[in-house]
file run27.cif (mmCIF, C-alpha atoms and all ligand atoms)
data_start
#
loop_
_atom_site.label_atom_id
_atom_site.label_comp_id
_atom_site.auth_asym_id
_atom_site.auth_seq_id
_atom_site.Cartn_x
_atom_site.Cartn_y
_atom_site.Cartn_z
CA MET A 1 -5.99 -12.75 -33.03
CA SER A 2 -3.78 -15.41 -34.58
CA THR A 3 -0.21 -15.05 -33.47
CA PHE A 4 2.33 -17.78 -34.20
CA GLU A 5 -0.12 -19.98 -36.10
CA TYR A 6 0.29 -22.11 -39.21
CA ARG A 7 -0.74 -20.51 -42.48
CA ASP A 8 -0.28 -22.63 -45.60
CA GLY A 9 1.90 -25.03 -43.63
CA ILE A 10 4.29 -22.41 -42.26
CA ILE A 11 4.16 -20.75 -38.85
CA HIS A 12 3.58 -17.03 -39.17
CA ALA A 13 4.34 -14.37 -36.61
CA GLU A 14 1.28 -12.21 -37.23
CA ASP A 15 1.54 -11.82 -41.04
CA VAL A 16 5.19 -12.77 -41.46
CA PRO A 17 6.41 -16.32 -42.21
CA VAL A 18 8.85 -17.34 -39.48
CA THR A 19 11.00 -19.09 -42.12
CA GLU A 20 11.70 -15.67 -43.64
CA LEU A 21 12.69 -14.23 -40.28
CA ALA A 22 15.03 -17.13 -39.54
CA ASP A 23 16.66 -16.85 -42.96
CA LYS A 24 17.10 -13.10 -42.66
CA TYR A 25 18.17 -12.74 -39.03
CA GLY A 26 19.65 -16.17 -38.31
CA THR A 27 18.98 -18.51 -35.39
CA PRO A 28 18.53 -18.84 -32.49
CA LEU A 29 16.12 -15.96 -32.74
CA TYR A 30 13.51 -14.40 -30.51
CA VAL A 31 10.39 -13.23 -32.34
CA TYR A 32 7.78 -11.00 -30.71
CA SER A 33 4.24 -10.02 -31.69
CA ARG A 34 3.46 -6.42 -30.88
CA ASN A 35 -0.28 -6.96 -31.35
CA HIS A 36 -0.29 -9.80 -28.88
CA PHE A 37 1.35 -7.52 -26.29
CA ARG A 38 -1.20 -4.80 -26.97
CA ALA A 39 -4.12 -7.22 -26.76
CA GLN A 40 -2.94 -8.67 -23.45
CA TYR A 41 -2.52 -5.24 -21.92
CA ASN A 42 -5.97 -4.14 -23.02
CA SER A 43 -7.69 -7.34 -21.93
CA LEU A 44 -6.33 -6.86 -18.41
CA LYS A 45 -7.20 -3.17 -18.42
CA ASP A 46 -10.77 -3.97 -19.51
CA ALA A 47 -11.24 -6.82 -17.03
CA MET A 48 -10.15 -4.57 -14.17
CA ALA A 49 -11.92 -1.44 -15.46
CA ASP A 50 -14.04 -1.08 -12.31
CA VAL A 51 -10.96 -0.16 -10.30
CA SER A 52 -8.96 1.40 -13.19
CA PRO A 53 -5.62 0.07 -11.97
CA LEU A 54 -2.28 1.55 -12.86
CA ILE A 55 -0.80 -1.40 -14.77
CA CYS A 56 2.95 -1.34 -14.25
CA TYR A 57 4.59 -3.71 -16.72
CA SER A 58 7.20 -5.79 -14.91
CA VAL A 59 10.30 -4.97 -16.94
CA LYS A 60 12.22 -8.03 -15.74
CA ALA A 61 9.96 -10.26 -17.85
CA ASN A 62 11.26 -8.79 -21.08
CA PRO A 63 13.34 -5.64 -20.87
CA ASN A 64 13.81 -5.10 -24.60
CA ALA A 65 13.34 -1.40 -25.36
CA SER A 66 10.78 -2.07 -28.05
CA VAL A 67 8.70 -4.35 -25.81
CA VAL A 68 8.81 -1.84 -22.96
CA ARG A 69 7.86 0.99 -25.31
CA THR A 70 4.91 -1.02 -26.66
CA PHE A 71 3.38 -1.19 -23.18
CA ILE A 72 4.22 2.44 -22.38
CA GLU A 73 2.40 3.51 -25.53
CA GLU A 74 -0.68 1.60 -24.38
CA GLY A 75 -0.59 3.61 -21.14
CA ALA A 76 1.37 1.30 -18.85
CA GLY A 77 3.61 2.31 -16.00
CA LEU A 78 6.60 0.15 -15.07
CA ASP A 79 7.58 -2.16 -12.24
CA ILE A 80 11.36 -2.09 -11.95
CA VAL A 81 13.81 -3.94 -9.75
CA SER A 82 17.16 -2.25 -10.41
CA GLY A 83 18.81 0.97 -11.47
CA GLY A 84 19.39 -0.70 -14.83
CA GLU A 85 15.68 -1.26 -15.33
CA LEU A 86 14.98 2.34 -14.39
CA TYR A 87 17.53 3.47 -16.94
CA ARG A 88 15.98 1.24 -19.59
CA GLY A 89 12.46 2.37 -18.74
CA LEU A 90 13.30 6.04 -18.95
CA ALA A 91 15.18 5.49 -22.20
CA ALA A 92 12.05 3.81 -23.60
CA GLY A 93 9.99 6.89 -22.69
CA ALA A 94 8.40 5.90 -19.38
CA ASP A 95 6.69 8.50 -17.21
CA PRO A 96 8.59 8.36 -13.87
CA SER A 97 5.38 9.14 -12.00
CA LYS A 98 4.11 5.71 -13.13
CA ILE A 99 7.17 3.74 -11.99
CA VAL A 100 7.31 1.53 -8.88
CA PHE A 101 10.63 0.14 -7.66
CA ALA A 102 10.76 -3.29 -5.97
CA GLY A 103 13.54 -5.52 -4.65
CA VAL A 104 15.09 -6.63 -1.36
CA GLY A 105 18.53 -5.13 -1.95
CA LYS A 106 18.32 -1.61 -3.37
CA THR A 107 21.67 0.20 -3.13
CA ARG A 108 22.05 3.86 -2.17
CA GLU A 109 23.08 4.62 -5.71
CA GLU A 110 19.87 3.05 -7.09
CA ILE A 111 17.70 4.77 -4.50
CA GLU A 112 19.18 8.20 -5.24
CA TYR A 113 18.77 7.69 -8.97
CA ALA A 114 15.08 6.83 -8.48
CA LEU A 115 14.51 9.70 -6.04
CA LYS A 116 15.96 12.17 -8.52
CA GLN A 117 13.53 10.85 -11.12
CA GLN A 118 10.62 11.23 -8.66
CA ILE A 119 9.19 7.78 -9.26
CA LEU A 120 5.72 6.98 -7.92
CA PHE A 121 6.97 4.89 -4.98
CA PHE A 122 9.49 2.36 -3.71
CA THR A 123 8.10 -0.95 -2.54
CA VAL A 124 10.08 -1.44 0.64
CA GLU A 125 11.04 -4.82 2.01
CA SER A 126 12.49 -3.99 5.43
CA GLU A 127 12.78 -1.23 8.03
CA PRO A 128 16.48 -0.62 7.31
CA GLU A 129 15.55 0.01 3.69
CA ALA A 130 13.01 2.67 4.73
CA ILE A 131 15.69 4.31 6.86
CA ARG A 132 18.09 4.25 3.92
CA ILE A 133 15.52 5.83 1.60
CA SER A 134 14.85 8.53 4.20
CA GLU A 135 18.59 9.26 4.45
CA CYS A 136 19.01 9.43 0.68
CA ALA A 137 15.94 11.69 0.36
CA GLN A 138 17.29 14.05 3.06
CA LYS A 139 20.60 14.23 1.25
CA LEU A 140 18.85 15.20 -1.97
CA GLY A 141 16.25 17.44 -0.31
CA VAL A 142 13.32 15.48 -1.76
CA THR A 143 10.54 13.25 -0.42
CA GLY A 144 10.60 9.50 -0.99
CA ARG A 145 7.25 7.76 -1.28
CA ILE A 146 7.19 4.20 0.02
CA ALA A 147 4.84 1.21 0.19
CA PHE A 148 5.98 -1.59 2.49
CA ARG A 149 5.81 -5.04 0.98
CA VAL A 150 3.64 -7.31 3.05
CA ASN A 151 4.22 -11.03 2.95
CA PRO A 152 0.68 -12.34 3.42
CA ASP A 153 1.76 -15.99 3.88
CA VAL A 154 -0.36 -17.32 1.04
CA ASP A 155 0.60 -20.40 -0.95
CA PRO A 156 0.28 -19.53 -4.66
CA LYS A 157 0.77 -23.20 -5.63
CA THR A 158 3.45 -22.53 -8.18
CA HIS A 159 7.13 -23.46 -8.61
CA GLU A 160 9.07 -23.11 -5.35
CA TYR A 161 11.55 -20.71 -6.97
CA THR A 162 8.75 -18.33 -7.96
CA THR A 163 6.81 -18.52 -4.70
CA THR A 164 7.37 -15.22 -2.95
CA GLY A 165 4.52 -14.66 -0.49
CA LYS A 166 5.13 -17.42 2.04
CA LYS A 167 6.72 -17.00 5.47
CA GLU A 168 9.91 -18.81 4.51
CA ASN A 169 10.55 -16.51 1.50
CA LYS A 170 12.95 -13.59 1.74
CA PHE A 171 10.35 -11.11 0.51
CA GLY A 172 8.40 -8.52 2.48
CA MET A 173 7.33 -8.64 6.12
CA ASP A 174 4.35 -10.06 7.96
CA VAL A 175 1.45 -7.73 8.70
CA ALA A 176 2.48 -7.07 12.31
CA ARG A 177 6.01 -6.08 11.25
CA VAL A 178 4.66 -3.90 8.45
CA GLU A 179 2.39 -2.12 10.93
CA LYS A 180 5.36 -1.38 13.20
CA ALA A 181 7.49 -0.35 10.20
CA CYS A 182 4.75 2.05 9.08
CA SER A 183 4.82 3.87 12.40
CA VAL A 184 8.64 4.02 12.27
CA ALA A 185 8.51 5.32 8.70
CA ALA A 186 5.89 7.93 9.58
CA SER A 187 8.36 9.46 12.00
CA LEU A 188 11.28 9.50 9.55
CA PRO A 189 12.13 12.69 7.69
CA ASN A 190 11.58 13.10 3.94
CA LEU A 191 9.45 9.96 3.73
CA GLU A 192 5.80 9.57 2.79
CA LEU A 193 3.84 6.39 3.41
CA ALA A 194 2.11 5.92 0.06
CA GLY A 195 0.47 2.52 0.58
CA LEU A 196 1.02 -1.22 0.68
CA HIS A 197 2.57 -3.70 -1.74
CA MET A 198 2.46 -7.45 -2.16
CA HIS A 199 3.53 -9.98 -4.78
CA ILE A 200 2.85 -13.58 -3.86
CA GLY A 201 4.47 -15.42 -6.73
CA SER A 202 4.60 -16.01 -10.45
CA GLN A 203 2.76 -18.24 -12.94
CA ILE A 204 -0.23 -18.58 -10.62
CA LEU A 205 -3.02 -20.44 -12.37
CA THR A 206 -5.91 -20.08 -9.95
CA VAL A 207 -7.65 -16.98 -8.63
CA GLU A 208 -7.95 -18.14 -5.01
CA PRO A 209 -4.43 -17.15 -3.84
CA PHE A 210 -4.92 -13.62 -5.19
CA ALA A 211 -8.32 -13.31 -3.52
CA GLU A 212 -6.97 -14.74 -0.28
CA ALA A 213 -4.07 -12.27 -0.26
CA VAL A 214 -6.32 -9.25 -0.90
CA THR A 215 -8.73 -10.41 1.82
CA LYS A 216 -5.87 -10.94 4.27
CA VAL A 217 -4.65 -7.35 3.95
CA SER A 218 -8.02 -5.59 3.66
CA ASN A 219 -8.59 -4.78 7.34
CA PHE A 220 -5.02 -3.68 7.71
CA CYS A 221 -5.28 -1.36 4.70
CA SER A 222 -8.47 0.21 6.04
CA ARG A 223 -6.74 0.92 9.34
CA MET A 224 -3.66 2.38 7.66
CA LYS A 225 -5.81 4.53 5.44
CA THR A 226 -7.46 6.07 8.47
CA THR A 227 -4.21 6.50 10.38
CA TYR A 228 -2.09 7.92 7.55
CA PRO A 229 -3.73 10.37 5.12
CA SER A 230 -0.95 9.73 2.56
CA PHE A 231 -1.78 5.98 2.43
CA LYS A 232 -3.45 5.81 -0.99
CA TYR A 233 -2.22 2.79 -2.93
CA LEU A 234 -2.58 -0.97 -2.80
CA ASP A 235 -0.15 -2.64 -5.19
CA ILE A 236 -1.24 -6.25 -5.70
CA GLY A 237 1.88 -7.27 -7.65
CA GLY A 238 2.03 -9.57 -10.64
CA GLY A 239 1.85 -13.33 -10.96
CA VAL A 240 -1.12 -13.98 -13.24
CA GLY A 241 -0.29 -17.20 -15.08
CA ILE A 242 -0.49 -18.06 -18.76
CA LYS A 243 -0.95 -21.18 -20.83
CA TYR A 244 2.29 -23.03 -21.62
CA GLU A 245 1.07 -26.57 -22.25
CA PRO A 246 -1.67 -27.66 -24.61
CA GLY A 247 -4.78 -28.21 -22.53
CA GLN A 248 -3.48 -26.11 -19.64
CA ARG A 249 -6.07 -23.67 -18.32
CA PRO A 250 -4.68 -20.19 -17.80
CA VAL A 251 -6.16 -17.81 -15.25
CA ASP A 252 -9.63 -16.86 -16.34
CA LEU A 253 -9.51 -13.06 -16.39
CA PRO A 254 -13.20 -12.44 -15.68
CA ALA A 255 -13.01 -14.88 -12.75
CA PHE A 256 -9.84 -13.14 -11.55
CA ALA A 257 -11.57 -9.77 -11.74
CA ASP A 258 -14.70 -11.13 -10.02
CA ALA A 259 -12.57 -12.35 -7.14
CA VAL A 260 -10.39 -9.31 -6.56
CA VAL A 261 -12.31 -6.28 -7.81
CA PRO A 262 -15.11 -6.22 -5.17
CA PRO A 263 -12.75 -6.25 -2.14
CA LEU A 264 -10.45 -3.75 -3.87
CA LYS A 265 -13.33 -1.46 -4.68
CA LYS A 266 -14.54 -1.59 -1.10
CA LEU A 267 -11.13 -0.46 0.12
CA GLY A 268 -11.23 2.65 -2.02
CA LEU A 269 -7.46 2.72 -2.56
CA SER A 270 -5.79 3.31 -5.93
CA VAL A 271 -4.88 -0.09 -7.32
CA VAL A 272 -1.51 -0.87 -8.87
CA MET A 273 -0.71 -4.15 -10.68
CA GLU A 274 2.67 -5.48 -11.82
CA PRO A 275 2.09 -8.11 -14.50
CA GLY A 276 5.05 -9.38 -16.48
CA ARG A 277 4.43 -12.85 -17.84
CA PHE A 278 0.74 -12.23 -18.49
CA LEU A 279 1.58 -9.32 -20.76
CA ALA A 280 4.67 -10.70 -22.49
CA GLY A 281 4.79 -14.49 -22.18
CA ASN A 282 2.75 -15.67 -25.12
CA GLY A 283 3.80 -12.77 -27.31
CA GLY A 284 7.23 -14.24 -27.94
CA VAL A 285 8.80 -17.41 -29.33
CA MET A 286 12.32 -18.69 -29.75
CA VAL A 287 13.25 -20.17 -33.10
CA CYS A 288 16.20 -22.51 -33.47
CA ARG A 289 17.62 -24.65 -36.27
CA VAL A 290 18.32 -28.35 -36.08
CA GLN A 291 22.02 -29.10 -36.40
CA TYR A 292 22.13 -32.86 -35.93
CA VAL A 293 19.87 -35.75 -35.11
CA LYS A 294 21.46 -38.69 -33.32
CA GLU A 295 20.23 -41.84 -31.68
CA ASN A 296 21.59 -44.36 -29.22
CA GLU A 297 20.06 -47.60 -27.90
CA VAL A 298 17.74 -45.75 -25.56
CA LYS A 299 17.16 -42.32 -26.96
CA LYS A 300 16.88 -39.99 -29.87
CA PHE A 301 18.47 -36.54 -29.56
CA ILE A 302 17.62 -33.53 -31.67
CA ILE A 303 20.49 -31.08 -31.33
CA SER A 304 19.59 -27.46 -32.08
CA ASP A 305 21.63 -24.30 -32.33
CA GLY A 306 19.64 -22.88 -29.40
CA ALA A 307 20.68 -23.82 -25.89
CA MET A 308 20.09 -23.24 -22.19
CA ASN A 309 22.03 -19.98 -22.39
CA ASP A 310 19.38 -18.68 -24.82
CA LEU A 311 16.31 -20.02 -22.97
CA LEU A 312 17.05 -21.14 -19.43
CA ARG A 313 13.58 -21.94 -18.13
CA PRO A 314 13.48 -25.68 -18.98
CA SER A 315 16.89 -26.28 -17.36
CA LEU A 316 16.27 -24.10 -14.32
CA TYR A 317 12.66 -24.85 -13.47
CA GLY A 318 11.87 -27.90 -15.60
CA SER A 319 9.48 -25.60 -17.46
CA TYR A 320 7.44 -26.81 -20.37
CA HIS A 321 7.58 -24.87 -23.64
CA GLU A 322 5.51 -26.18 -26.51
CA ILE A 323 7.76 -27.13 -29.44
CA VAL A 324 6.53 -27.12 -33.02
CA ALA A 325 8.13 -27.43 -36.45
CA VAL A 326 8.08 -24.11 -38.26
CA LYS A 327 7.26 -25.97 -41.50
CA GLU A 328 4.41 -28.32 -40.78
CA CYS A 329 5.60 -31.93 -40.92
CA ALA A 330 3.71 -35.17 -40.71
CA GLY A 331 5.55 -37.50 -38.38
CA SER A 332 6.60 -37.35 -34.77
CA ALA A 333 8.72 -39.43 -32.44
CA GLN A 334 9.92 -39.39 -28.85
CA ALA A 335 13.11 -37.42 -28.49
CA ASP A 336 15.10 -34.98 -26.38
CA LEU A 337 15.60 -31.50 -27.80
CA VAL A 338 19.00 -30.34 -26.59
CA GLY A 339 21.55 -27.63 -27.27
CA PRO A 340 25.30 -27.63 -27.84
CA ILE A 341 26.27 -26.67 -24.26
CA CYS A 342 28.53 -28.99 -22.30
CA GLU A 343 26.01 -29.95 -19.63
CA SER A 344 23.37 -32.65 -19.47
CA GLY A 345 21.07 -29.98 -18.06
CA ASP A 346 21.12 -28.29 -21.45
CA PHE A 347 17.75 -29.38 -22.79
CA PHE A 348 14.47 -27.86 -23.94
CA ALA A 349 12.48 -31.09 -23.74
CA GLN A 350 13.18 -34.64 -22.59
CA GLY A 351 11.40 -37.76 -23.79
CA ARG A 352 8.78 -35.70 -25.56
CA GLU A 353 6.84 -36.54 -28.73
CA LEU A 354 8.53 -34.11 -31.12
CA PRO A 355 8.11 -33.43 -34.85
CA THR A 356 10.25 -35.57 -37.14
CA VAL A 357 12.87 -33.09 -38.19
CA GLU A 358 16.25 -33.27 -39.83
CA GLU A 359 19.34 -31.13 -40.15
CA GLY A 360 18.44 -27.61 -41.26
CA ASP A 361 14.80 -27.71 -40.14
CA LEU A 362 13.45 -24.97 -37.90
CA LEU A 363 11.82 -25.58 -34.55
CA MET A 364 9.91 -23.01 -32.53
CA LEU A 365 9.60 -22.88 -28.76
CA LYS A 366 6.41 -21.12 -27.75
CA SER A 367 5.63 -18.90 -24.77
CA ALA A 368 9.16 -17.48 -24.65
CA GLY A 369 8.22 -13.79 -24.52
CA ALA A 370 8.67 -13.55 -20.74
CA TYR A 371 11.83 -14.62 -18.91
CA GLY A 372 13.28 -15.83 -22.21
CA PHE A 373 15.88 -13.43 -23.57
CA ALA A 374 15.70 -11.69 -20.16
CA MET A 375 17.50 -14.65 -18.59
CA ALA A 376 19.84 -15.39 -21.49
CA SER A 377 23.55 -15.48 -20.85
CA THR A 378 26.72 -15.97 -22.86
CA TYR A 379 27.61 -19.25 -21.13
CA ASN A 380 29.99 -21.34 -23.25
CA SER A 381 30.89 -18.03 -24.95
CA ARG A 382 27.78 -18.12 -27.04
CA PRO A 383 26.70 -14.64 -28.21
CA ARG A 384 23.11 -13.89 -27.19
CA PRO A 385 20.42 -14.19 -29.88
CA ALA A 386 18.84 -11.44 -31.95
CA GLU A 387 15.31 -10.19 -31.18
CA VAL A 388 12.75 -9.22 -33.80
CA MET A 389 9.46 -7.37 -33.33
CA VAL A 390 6.63 -8.11 -35.72
CA ASP A 391 3.68 -5.76 -36.10
CA GLY A 392 1.26 -6.97 -38.78
CA SER A 393 3.46 -7.39 -41.83
CA GLN A 394 6.21 -5.09 -40.48
CA THR A 395 9.37 -6.49 -38.96
CA VAL A 396 12.00 -4.62 -36.97
CA LEU A 397 15.25 -6.05 -35.64
CA VAL A 398 14.97 -4.74 -32.08
CA ARG A 399 18.22 -6.23 -30.82
CA GLU A 400 21.14 -7.25 -32.94
CA ARG A 401 22.65 -10.66 -32.51
CA GLU A 402 25.72 -10.39 -30.31
CA THR A 403 29.08 -11.05 -31.91
CA TRP A 404 32.28 -12.72 -30.78
CA GLU A 405 33.73 -9.21 -30.36
CA ASP A 406 30.86 -8.40 -27.97
CA LEU A 407 31.88 -11.41 -25.88
CA VAL A 408 35.31 -10.02 -25.05
CA ARG A 409 34.35 -6.33 -24.83
CA GLY A 410 35.82 -4.80 -21.66
CA GLU A 411 38.10 -7.76 -20.96
CA LYS A 412 41.88 -7.54 -20.65
CA SER A 413 44.38 -10.30 -21.23
N1 LIG A 501 6.36 -7.87 -9.20
C1 LIG A 501 7.38 -8.38 -8.49
C2 LIG A 501 7.76 -7.74 -7.23
C3 LIG A 501 8.06 -9.51 -8.96
O1 LIG A 501 9.07 -10.02 -8.26
C4 LIG A 501 7.67 -10.10 -10.19
C5 LIG A 501 8.36 -11.27 -10.72
C6 LIG A 501 6.60 -9.52 -10.91
C7 LIG A 501 5.97 -8.40 -10.37
C8 LIG A 501 6.11 -10.07 -12.21
O2 LIG A 501 5.61 -11.34 -12.06
P1 LIG A 501 4.82 -12.06 -13.27
O3 LIG A 501 3.56 -11.27 -13.50
O4 LIG A 501 5.70 -12.06 -14.44
O5 LIG A 501 4.54 -13.42 -12.77
N2 LIG A 501 12.09 -16.29 -13.97
C9 LIG A 501 10.84 -16.87 -13.54
C10 LIG A 501 9.86 -15.84 -13.04
C11 LIG A 501 10.42 -14.98 -11.92
C12 LIG A 501 9.45 -13.92 -11.46
C13 LIG A 501 10.15 -12.91 -10.61
N3 LIG A 501 9.34 -11.86 -10.12
C14 LIG A 501 10.27 -17.71 -14.69
O6 LIG A 501 10.91 -17.79 -15.74
O7 LIG A 501 9.21 -18.31 -14.54
#
call {"tool": "encode", "arguments": {"input": "run27.cif", "output": "structure tokens"}}
result
Amino acid sequence: MSTFEYRDGIIHAEDVPVTELADKYGTPLYVYSRNHFRAQYNSLKDAMADVSPLICYSVKANPNASVVRTFIEEGAGLDIVSGGELYRGLAAGADPSKIVFAGVGKTREEIEYALKQQILFFTVESEPEAIRISECAQKLGVTGRIAFRVNPDVDPKTHEYTTTGKKENKFGMDVARVEKACSVAASLPNLELAGLHMHIGSQILTVEPFAEAVTKVSNFCSRMKTTYPSFKYLDIGGGVGIKYEPGQRPVDLPAFADAVVPPLKKLGLSVVMEPGRFLAGNGGVMVCRVQYVKENEVKKFIISDGAMNDLLRPSLYGSYHEIVAVKECAGSAQADLVGPICESGDFFAQGRELPTVEEGDLLMLKSAGAYGFAMASTYNSRPRPAEVMVDGSQTVLVRERETWEDLVRGEKS
């Protein structure tokens, strides 16, 4: 399927020229392709068909109601990390029995909210958290299902900020601690040990770390399954990487499935997955308009109306997002693409060969569907961008551009 490709010299989002969207909704603008989201979901579902996993879309990647609803309609459950994400998920029509709740710092308020909704299970990061869930469940007279998060100490070879399954990371517990926590939890009232969880990192581009992690917990899972009849799930988390740079090789899904399906099948547990970026990343772009072009003795700067508050990934992680001119143009030159924010860290690209553009031209940053708008802020009192969903030739404004009034809402002087 061709999403965000040139047609007659203009980038189209599915069947809609991006120039039209920018003119109608303004810039900076997030544009999503519903059919890309659907295709990603179904390719993962098909690749993993032998274990029919419950695919819980990781809401943090892109929490827009329309994006979440798209995955729910395909059959997805949700991976949430806050009461706010639970609220969003339910509002988008999620089935609570397909929701898993992660995170190292769940509050009592969040736990009680999730218990009342009877979510599938909490992924639990410490013994005190299990005790807290038990207390909340007793108070409400319900049973809380939990899956401890194991930290398998596997290096996913990704950015240090998105590495989560190594000893030095704050996430989960080592196998020995999980085993002890399981026996503690089994003796706690109103708690049911539903299984095991892990998530080793994000934007992982090889299959080996996933396979290594599954292998590392296999014996343990078999033991737990025998000891605790309620132990039914293995949640292998998210983390499957996507292509950002031209020439970059994303995870090969068949190879991924070949590596993880056989050991999972052997275990005989119900498999849960929590993909975020894989489902949403390449289904979204951010479009911005060139405001100025300026040069000094050493550099050329293209200054756009989009900035680090709109798309933080380049500033925060040094991430690469492919940048193309929305209207095909011939020339290119080395330049920095920057925004109007008062920080030198406000850039989308530095010293990159970029299209020769001038004031008023549109540029598009690819692969912005995951952790794009989700991490946007109003820094420098810049209202957050609008979001548009394209489905074939249909376009829906799925989040209005924020206004200056929105910026001061709730404030007092
Ligand atoms: N499950 C858990 C428990 C997670 O913490 C995450 C992501 C996911 C699933 C989904 O991971 P994914 O499939 O999207 O890799 N802001 C960073 C990414 C942070 C990921 C946080 N956790 C970025 O822009 O690259």
call {"tool": "residues_near_ligand", "arguments": {"input": "run27.cif", "ligand": "ligand LIG 501 (chain A)", "cutoff": "6 Å", "atoms": "all atoms listed in the file", "output": "JSON, numbers by chain"}}
result
{"A": [58, 61, 102, 162, 199, 202, 203, 237, 238, 239, 240, 274, 275, 276, 277, 278, 313, 371]}
call {"tool": "closest_residue", "arguments": {"input": "run27.cif", "among": "A:Asp235, A:Glu297, A:Glu208, A:Glu387", "to": "Leu269 in chain A", "atoms": "all atoms listed in the file"}}
result
A:Asp235
call {"tool": "residues_near_point", "arguments": {"input": "run27.cif", "point": "(7.0, -8.4, -28.3)", "cutoff": "6 Å", "atoms": "all atoms listed in the file", "output": "number ranges by chain"}}
result
A: 32-34, 67, 283-284, 389
call {"tool": "atom_distance", "arguments": {"input": "run27.cif", "atom1": "CA of Cys221 in chain A", "atom2": "CA of Gly195 in chain A"}}
result
8.1 Å
call {"tool": "closest_atom_pairs", "arguments": {"input": "run27.cif", "of": "range 191-299 of chain A", "to": "range 114-132 of chain A", "cutoff": "10 Å", "atoms": "only C-alpha atoms", "output": "CSV"}}
result
residue,atom,partner,partner_atom,distance
A:Leu191,CA,A:Ala130,CA,8.2
A:Glu192,CA,A:Phe121,CA,9.1
A:Leu193,CA,A:Phe121,CA,9.1
A:Ala194,CA,A:Phe121,CA,7.1
A:Gly195,CA,A:Phe121,CA,8.9
A:Leu196,CA,A:Thr123,CA,7.8
A:His197,CA,A:Thr123,CA,6.2
A:Met198,CA,A:Thr123,CA,8.6
A:Tyr233,CA,A:Phe121,CA,9.6
A:Asp235,CA,A:Thr123,CA,8.8
call {"tool": "atom_distance", "arguments": {"input": "run27.cif", "atom1": "CA of Met273 in chain A", "atom2": "CA of Ser230 in chain A"}}
result
19.2 Å
call {"tool": "residues_around", "arguments": {"input": "run27.cif", "residues": "Glu405 in chain A", "least_positions_apart": "5", "cutoff": "12 Å", "atoms": "all atoms listed in the file", "output": "list in words"}}
result
Ser381, Arg382, Pro383, Gly410 and Glu411 of chain A
call {"tool": "residues_around", "arguments": {"input": "run27.cif", "residues": "Leu279 in chain A", "least_positions_apart": "3", "cutoff": "6 Å", "atoms": "all atoms listed in the file", "output": "list in words"}}
result
Phe37, Gln40, Tyr41 and Gly276 of chain A
call {"tool": "closest_residue", "arguments": {"input": "run27.cif", "among": "A:Pro246, A:Gly103, A:Pro189, A:Pro385", "to": "Glu400 in chain A", "atoms": "all atoms listed in the file"}}
result
A:Pro385
call {"tool": "atom_distance", "arguments": {"input": "run27.cif", "atom1": "CA of Val388 in chain A", "atom2": "CA of Lys60 in chain A"}}
result
18.1 Å
call {"tool": "residues_near_point", "arguments": {"input": "run27.cif", "point": "(-10.5, 3.5, 3.4)", "cutoff": "7 Å", "atoms": "all atoms listed in the file", "output": "list in words"}}
result
Ser222, Lys225, Thr226, Leu267, Gly268 and Leu269 of chain A
call {"tool": "closest_residue", "arguments": {"input": "run27.cif", "among": "A:Gly144, A:Ala255, A:Lys139, A:Tyr25", "to": "Leu44 in chain A", "atoms": "all atoms listed in the file"}}
result
A:Ala255
call {"tool": "closest_residue", "arguments": {"input": "run27.cif", "among": "A:Arg7, A:Arg384, A:Lys24, A:Arg352", "to": "Met308 in chain A", "atoms": "all atoms listed in the file"}}
result
A:Arg384
call {"tool": "closest_residue", "arguments": {"input": "run27.cif", "among": "A:Leu312, A:Ala147, A:Met48, A:Ala307", "to": "Ile341 in chain A", "atoms": "only C-alpha atoms"}}
result
A:Ala307
call {"tool": "residues_around", "arguments": {"input": "run27.cif", "residues": "Ala374 in chain A", "least_positions_apart": "6", "cutoff": "10 Å", "atoms": "all atoms listed in the file", "output": "MDAnalysis selection string"}}
result
chainID A and resid 59:64 310:312 368
